[in-house]
Structure formats: structure tokens, C-alpha cells
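Written out below as C-alpha cells is the structure these notes cover.
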Amino acid sequence: MEQRYDAKALADFATSLFEAAGLDRDKAETIGPLLVEADLMGHTTHGLQLCAPYLKALEDGTMEKQGGPEVLSDRGAVVTWDGRRLPGVWLTARAVDLGVERAKLYGTASIAIRRSHHIACLAVFLEHATRQGCMVQITSSDPAVASVAPYGGTEPVFTPDPIAVGIPTGGDPILIDTSASITTNGLTGRLHGEGKKLPGKWVQDADGTASDDPAVLFSDPPGTILPIGGKEYGHKGYGLALMIEALTQGLAGHGRADPAEGWGAGVHIQISDPTAFSGRDAFNRQIDHIVKRCHENKPVAGGAPVRLPGQNALAKRKNATASGVDLYPGIMDALKPWAAKYGLVPPESL
């Protein structure tokens, strides 16, 4: 049965849970709303679904509660942090804000973060930059996890390796959120738990046979998620994964060559201020022309109008903000024991 919740009530509840778990208030006030933001945009595997696992990580000490990142290098336009296993959502939000500040000064700025904890949904950070007229690129990988095989192989080497790009326009921003693999660990894990199949042959068993059954990832020996392009054109996703791993682990100086520290992330953020290049007007002229060409493009027979990346997510957010967030089944049930533990009352459904 559908259960909708007020977005602010959910954000306040998540914030209170994190603060009760011992997080500094500024961290809790950043993470709670951004997890709800992911649900508002329809990214239900990377929103409040992650709240309970994050609380467990805070409880068992695998997520650091207090303090800030260690600055390993700061050369103005290039910064490297050791995240110290602090909450990745908070670290990434801080890094984007710093990147915008530095890009306004230097034209472009890059921030690499090693040893961050998990950073959730990349799309929710993009508008922090686009609202200020900047273009942003965020990539992430988890050097402690491997579930994606290189093209032509059968043994896991990579994580799904997400990449997100925010592009300002004269109207709504373009919000790209994709990955080097066809699907994610979150979705395959959810569908496996529910006994469901994938929409296509997005995974392969340990022998390399493509399958739509996520159960092959949980067999012994386990199968792997396929890179973008699948069995035929997976060299495309493989190349993208190598680039993302270099950005997030090579530049940060910590990754798969080091002992695993548990669920976490290496992160790379790049911010560009168009005013330092051709100027904002020239940038908008080019991007808005492309947007117009896409929107006016003749759709395939019987198909819907062409939309831009992020357009559907922004529409979902607008609707959910007005009528309530339709939480994926099981999310609130997973949070109720934590609420009881900390003496908090979960929000009522609308």
C-alpha cells in the first residue's frame, strides 16, 4: 500500500536519528535532507534506504562521527583531503561548496577525497554548483568493494563507478547521473531480496553467461555486474570505469592497492566557472541551443517527447514536495527500531 510522507518531516526525522547516533549537528543537518532529496528525485536505492546502514556504521565505529577531513594538499585550484571515514554525504557536500568557491577564484577547481565513507546519490549534490552558474562533475568508487568485471573477464575488479555531471542552462539544469556499469549493487541487491528479475541481461554468472537474474551475484562463486554496453559493447563501460578509478583513487592516492577498510568511497569533484572561459552568456548560448534542439527533436513513432537528463527527476521532486514522498516499501520499517532505540517518534504517513 502506498504511504506518502511530508518531505520536511522525513528530513527532520533522519537528522534527529543521526544526531542521536552521535553525529555533529552540522553533519546530521546536511545528511538527513540530502538522503530525502534522493527519494524526492526517485533514486530510492540511494536515499533513506541508506539511513539504517549509516546508523549501523556509526554504531559499530566504521563511520567516524566528529571532526573534519585532513587536508593533505592545497594548491588553490587543487585540493586533496583524507576523509578519515567521515560521512561521505557531508564530505561531498562540503567539497562541492569549496570547489565552487575556488572555481570562482581560479576558474576551475578539483578536489580529491580519499577514505571517505559512502556518499549516497551523486545527483543530489549537482545543484549546489549549477545554482551558482557552475558546471560540476562528480565521480566515485569504493576500493573495498568489487562487483563489476572488466570487459571480457569474469572476476570482479570495479564497483559500478558512478559519474554525475551538472550543467547550468537558462532554465532547469541538466543533471546527468549514470555509472560505468549497466546497473548498481543497490538495485541488484534489492531485486534479489524480492526474488525479482532485472529488465535485461545486465549481469553474468561466474562462467560469463549473461543473465537477468540478480541471484547469480550471490551464488558461489559469484557472478558480476556487466559494464555499460553489456556483452557486446562493454569495452565502453570498461574504459569509463578505468577513468573513474584513476580520478577517484589514483589522484587521491588511496585505493585498491591498499588494504580494504570497509564500505566507503574515493571521490573526485571538478567545478568549472564559465565566466573564466568564454563567459556565462556565451556558455548559455551554446547550451541553450543544444537544449532547444533536443526538446524539439522528433520522437520515435509512438514515443514520448525527448527529455533531458534530470528532467524527470526534477518533475518527481516537484510532485513529491507537493503531495508527499512515496517511500519504497520497507524503508520506514527498517528505521523504526532505530527510532525506538533513540526515543524518537517516526513521522506519520499523510
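Chains: A, B, ... in order of the C-alpha cells. Residues: from 1 per chain. Ligands: from 1, in order shown.
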
If you run DSSP over the backbone, which residues in range 177-238 of chain A end up strand (DSSP E)? Put them as a ChimeraX atom specification. /A:177-179,203-204,210-211,224-225

Could you write out the selected residues, including C-alpha atoms, as a tab-separated table (two decimals), in the first residue's frame?
```
chain	number	residue	atom	x	y	z
A	177	ASP	CA	23.70	10.64	-13.10
A	178	THR	CA	24.98	7.40	-14.57
A	179	SER	CA	27.69	4.81	-13.99
A	203	VAL	CA	24.72	-9.40	-15.04
A	204	GLN	CA	26.71	-12.54	-15.79
A	210	ALA	CA	24.74	-13.13	-19.38
A	211	SER	CA	21.63	-13.24	-17.18
A	224	THR	CA	29.45	-9.98	-11.77
A	225	ILE	CA	27.61	-6.90	-12.99
```

So that I can check the secondary structure, give me every residue of range 157-255 of chain A assigned alpha helix (DSSP H) by backbone DSSP, as a count of residues only. 24

At a cut-off of 7 Å, using only C-alpha atoms, what residues contact range 138-152 of chain A? Leave out same-chain residues fewer than 4 positions from it and give the result as a PyMOL selection string. chain A and resi 122+156-165+224-227+234-235+238+244-245+248+255-256+260-270

Serialized selection, N, CA and C atoms, as a CSV table (one decimal), in the first residue's frame:
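Saved to selection33.csv:
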```csv
chain,number,residue,atom,x,y,z
A,122,LEU,N,24.8,10.7,-6.1
A,122,LEU,CA,25.6,11.8,-6.6
A,122,LEU,C,24.7,12.9,-7.2
A,156,PRO,N,35.4,-10.0,-10.5
A,156,PRO,CA,35.1,-8.6,-10.1
A,156,PRO,C,36.4,-7.8,-9.9
A,157,VAL,N,36.4,-6.6,-10.4
A,157,VAL,CA,37.5,-5.7,-10.1
A,157,VAL,C,37.0,-4.3,-9.7
A,158,PHE,N,35.9,-3.8,-10.3
A,158,PHE,CA,35.4,-2.5,-10.0
A,158,PHE,C,34.1,-2.5,-9.2
A,159,THR,N,33.8,-1.3,-8.7
A,159,THR,CA,32.4,-1.1,-8.3
A,159,THR,C,31.6,-0.5,-9.5
A,160,PRO,N,30.3,-0.3,-9.4
A,160,PRO,CA,29.6,0.3,-10.5
A,160,PRO,C,30.2,1.7,-11.0
A,161,ASP,N,31.0,2.3,-10.1
A,161,ASP,CA,31.7,3.6,-10.5
A,161,ASP,C,30.8,4.6,-11.1
A,162,PRO,N,30.0,5.3,-10.3
A,162,PRO,CA,29.1,6.3,-10.8
A,162,PRO,C,29.8,7.6,-11.2
A,163,ILE,N,29.2,8.3,-12.1
A,163,ILE,CA,29.7,9.6,-12.6
A,163,ILE,C,28.4,10.5,-12.7
A,164,ALA,N,28.5,11.7,-12.2
A,164,ALA,CA,27.4,12.7,-12.3
A,164,ALA,C,27.9,14.0,-12.8
A,165,VAL,N,27.1,14.7,-13.7
A,165,VAL,CA,27.5,15.9,-14.2
A,165,VAL,C,26.3,16.9,-14.1
A,224,THR,N,29.1,-11.4,-11.8
A,224,THR,CA,29.5,-10.0,-11.8
A,224,THR,C,28.4,-9.1,-12.5
A,225,ILE,N,28.4,-7.9,-12.2
A,225,ILE,CA,27.6,-6.9,-13.0
A,225,ILE,C,28.4,-6.6,-14.3
A,226,LEU,N,27.6,-6.4,-15.4
A,226,LEU,CA,28.3,-6.1,-16.6
A,226,LEU,C,28.5,-4.6,-16.8
A,227,PRO,N,29.6,-4.2,-17.5
A,227,PRO,CA,29.8,-2.8,-17.7
A,227,PRO,C,28.8,-2.3,-18.8
A,234,GLY,N,30.7,-3.8,-24.1
A,234,GLY,CA,31.1,-3.5,-22.7
A,234,GLY,C,32.5,-2.8,-22.6
A,235,HIS,N,33.2,-2.7,-23.7
A,235,HIS,CA,34.5,-2.0,-23.7
A,235,HIS,C,34.3,-0.5,-23.4
A,238,TYR,N,33.9,-0.3,-19.6
A,238,TYR,CA,35.2,-0.7,-19.1
A,238,TYR,C,36.2,0.5,-19.1
A,244,ILE,N,37.3,6.5,-14.2
A,244,ILE,CA,36.7,6.9,-12.9
A,244,ILE,C,37.6,6.4,-11.7
A,245,GLU,N,38.1,5.2,-11.9
A,245,GLU,CA,39.0,4.7,-10.8
A,245,GLU,C,40.3,5.5,-10.7
A,248,THR,N,39.3,8.8,-8.9
A,248,THR,CA,38.9,8.7,-7.5
A,248,THR,C,39.9,8.0,-6.6
A,255,GLY,N,43.6,3.5,-2.7
A,255,GLY,CA,42.6,2.7,-3.5
A,255,GLY,C,42.8,1.2,-3.3
A,256,ARG,N,42.6,0.5,-4.4
A,256,ARG,CA,42.6,-1.0,-4.4
A,256,ARG,C,44.0,-1.6,-4.1
A,260,ALA,N,41.9,-3.1,2.4
A,260,ALA,CA,40.5,-2.7,2.4
A,260,ALA,C,40.1,-2.2,3.8
A,261,GLU,N,39.3,-1.1,3.9
A,261,GLU,CA,38.9,-0.6,5.2
A,261,GLU,C,37.4,-0.7,5.4
A,262,GLY,N,36.7,-1.3,4.5
A,262,GLY,CA,35.2,-1.4,4.6
A,262,GLY,C,34.5,-0.5,3.7
A,263,TRP,N,33.2,-0.6,3.6
A,263,TRP,CA,32.3,0.2,2.8
A,263,TRP,C,32.7,1.7,2.8
A,264,GLY,N,33.0,2.3,1.7
A,264,GLY,CA,33.4,3.7,1.7
A,264,GLY,C,33.4,4.2,0.3
A,265,ALA,N,34.4,5.2,0.1
A,265,ALA,CA,34.4,5.8,-1.2
A,265,ALA,C,35.7,6.6,-1.4
A,266,GLY,N,36.2,6.6,-2.7
A,266,GLY,CA,37.1,7.6,-3.2
A,266,GLY,C,36.3,8.5,-4.0
A,267,VAL,N,36.6,9.8,-4.0
A,267,VAL,CA,35.7,10.8,-4.6
A,267,VAL,C,36.6,11.8,-5.4
A,268,HIS,N,36.1,12.2,-6.6
A,268,HIS,CA,36.8,13.3,-7.3
A,268,HIS,C,35.7,14.3,-7.7
A,269,ILE,N,35.9,15.6,-7.5
A,269,ILE,CA,35.0,16.6,-7.8
A,269,ILE,C,35.7,17.7,-8.7
A,270,GLN,N,35.1,18.1,-9.8
A,270,GLN,CA,35.7,19.1,-10.6
A,270,GLN,C,34.6,20.2,-10.8
```

Non-local contacts of Asn312 in chain A (12 Å; only C-alpha atoms; under 5 positions in same chain excluded) as number ranges by chain: A: 40-43, 172-176, 305-307, 317-319

Closest of A:Ile167, A:Ala21, A:Gln49, A:Pro259 to Asp333 in chain A, counting only C-alpha atoms, is A:Gln49

8 Å contact set for Ser116 in chain A, only C-alpha atoms, chain neighbours under 3 positions out, as JSON, numbers by chain: {"A": [82, 83, 84, 85, 86, 87, 88, 91, 113, 119, 264, 265, 266, 267]}

When you count only C-alpha atoms, which of these residues is closest to Arg94 in chain A: A:Thr45, A:Thr30, A:Thr108, A:Ser181?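 Using only C-alpha atoms, Arg94 in chain A sits closest to A:Thr30.
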
Considering only C-alpha atoms, state which residue in the set A:Gln311, A:Thr169, A:Thr92, A:Asn297 is at the smallest distance from Asp281 in chain A. A:Thr169
